[in-house]
file work39.cif (mmCIF, C-alpha atoms)
data_my_file
loop_
_atom_site.label_atom_id
_atom_site.label_comp_id
_atom_site.auth_asym_id
_atom_site.auth_seq_id
_atom_site.Cartn_x
_atom_site.Cartn_y
_atom_site.Cartn_z
CA MET L 139 130.41 114.18 253.74
CA THR L 140 131.74 110.90 255.10
CA ASP L 141 135.42 110.08 255.19
CA ALA L 142 134.85 107.26 252.70
CA ALA L 143 133.42 109.71 250.17
CA THR L 144 136.47 111.96 250.41
CA LEU L 145 138.75 109.03 249.58
CA ILE L 146 137.12 108.16 246.25
CA PRO L 147 139.66 108.78 243.48
CA LEU L 148 138.78 111.39 240.90
CA SER L 149 139.35 108.75 238.20
CA ILE L 150 136.21 107.01 239.48
CA VAL L 151 134.13 110.20 239.34
CA ILE L 152 135.29 111.50 235.93
CA PRO L 153 133.36 108.89 233.87
CA ILE L 154 130.23 109.92 235.78
CA PHE L 155 130.77 113.52 234.68
CA ALA L 156 131.39 112.32 231.11
CA ALA L 157 128.08 110.43 231.04
CA ILE L 158 126.27 113.49 232.37
CA SER L 159 127.99 115.75 229.86
CA ASP L 160 126.99 113.42 227.02
CA ARG L 161 123.42 113.33 228.37
CA ASP L 162 123.77 109.54 228.42
CA TRP L 163 121.34 108.57 231.16
CA GLU L 164 121.78 104.83 230.66
CA ARG L 165 125.56 105.09 231.04
CA PHE L 166 125.11 107.29 234.11
CA LYS L 167 122.83 104.67 235.68
CA GLU L 168 125.37 101.91 234.93
CA LEU L 169 128.14 103.93 236.57
CA GLU L 170 125.91 104.83 239.51
CA LEU L 171 125.05 101.16 240.11
CA LYS L 172 128.68 100.08 239.77
CA PHE L 173 129.75 102.79 242.21
CA ALA L 174 127.06 101.84 244.74
CA ASN L 175 127.99 98.17 244.49
CA ASN L 176 131.68 98.94 245.04
CA TYR L 177 131.49 101.67 247.68
CA GLY L 178 127.96 101.56 249.12
CA VAL L 179 124.80 103.55 248.63
CA GLU L 180 125.60 106.00 251.42
CA THR L 181 128.99 106.82 249.90
CA TRP L 182 127.33 107.28 246.50
CA ALA L 183 124.82 109.68 248.04
CA ASP L 184 127.65 111.74 249.55
CA VAL L 185 129.70 111.79 246.34
CA PHE L 186 126.68 112.65 244.22
CA ASN L 187 125.38 115.38 246.54
CA PHE L 188 128.70 116.94 247.55
CA ARG L 189 131.02 116.33 244.58
CA VAL L 190 128.96 115.80 241.44
CA LEU L 191 125.93 118.09 241.76
CA PRO L 192 127.84 121.17 242.99
CA ALA L 193 130.20 120.93 240.00
CA LEU L 194 127.41 121.05 237.42
CA ASP L 195 126.14 124.15 235.68
CA LYS L 196 122.49 125.04 236.20
CA GLU L 197 121.22 123.54 232.93
CA THR L 198 123.05 120.26 233.45
CA LYS L 199 121.99 120.01 237.08
CA THR L 200 118.38 120.51 235.98
CA TRP L 201 118.74 117.76 233.37
CA VAL L 202 120.13 115.31 235.93
CA LEU L 203 117.45 116.07 238.48
CA ILE L 204 114.66 115.77 235.88
CA GLN L 205 116.05 112.41 234.77
CA LYS L 206 116.29 111.16 238.35
CA CYS L 207 112.78 112.30 239.26
CA SER L 208 111.10 111.13 236.07
CA LYS L 209 112.33 107.53 236.29
CA GLY L 210 110.69 106.80 239.63
CA TYR L 211 113.51 104.77 241.16
CA THR L 212 116.76 105.30 242.99
CA VAL L 213 119.97 103.36 243.27
CA ARG L 214 118.64 101.96 246.57
CA ASP L 215 115.89 100.18 244.60
CA VAL L 216 118.40 98.63 242.22
CA VAL L 217 121.16 97.54 244.62
#
call {"tool": "encode", "arguments": {"input": "work39.cif", "output": "structure tokens"}}
result
Amino acid sequence: MTDAATLIPLSIVIPIFAAISDRDWERFKELELKFANNYGVETWADVFNFRVLPALDKETKTWVLIQKCSKGYTVRDVV
């Protein structure tokens, strides 16, 4: 994980967890895009892969990954 990713305040990451918990894919995408615009795509990738995904239970992680794979685009396509 990059140094930049370790400096992201938890208050920035908590709404992402809330959107995931609520199964609110649209809100998650909004937060993902906002994060990537503010901190960069590479930092988002590190935070998502090393802070968000490992904290999720198996069912929730599966839901997130299905949503990501089924939509056919990534934050790189949007930014």
call {"tool": "resolve_selection", "arguments": {"input": "work39.cif", "expression": "the PyMOL selection byres ((chain L and resi 146-161) around 10)", "output": "ChimeraX atom specification"}}
result
/L:141-145,162-170,173,177,181-182,185-186,189-191,193-194,198-199,201-202,205
call {"tool": "closest_residue", "arguments": {"input": "work39.cif", "among": "L:Asn187, L:Ser208, L:Asn176, L:Thr200", "to": "Thr140 of chain L", "atoms": "only C-alpha atoms"}}
result
L:Asn187
call {"tool": "axis_aligned_box", "arguments": {"input": "work39.cif", "around": "segment 188-204 of chain L", "padding_each_side": "5 Å", "output": "AutoDock Vina command-line options"}}
result
--center_x 122.8 --center_y 120.2 --center_z 240.2 --size_x 26.4 --size_y 19.7 --size_z 24.6
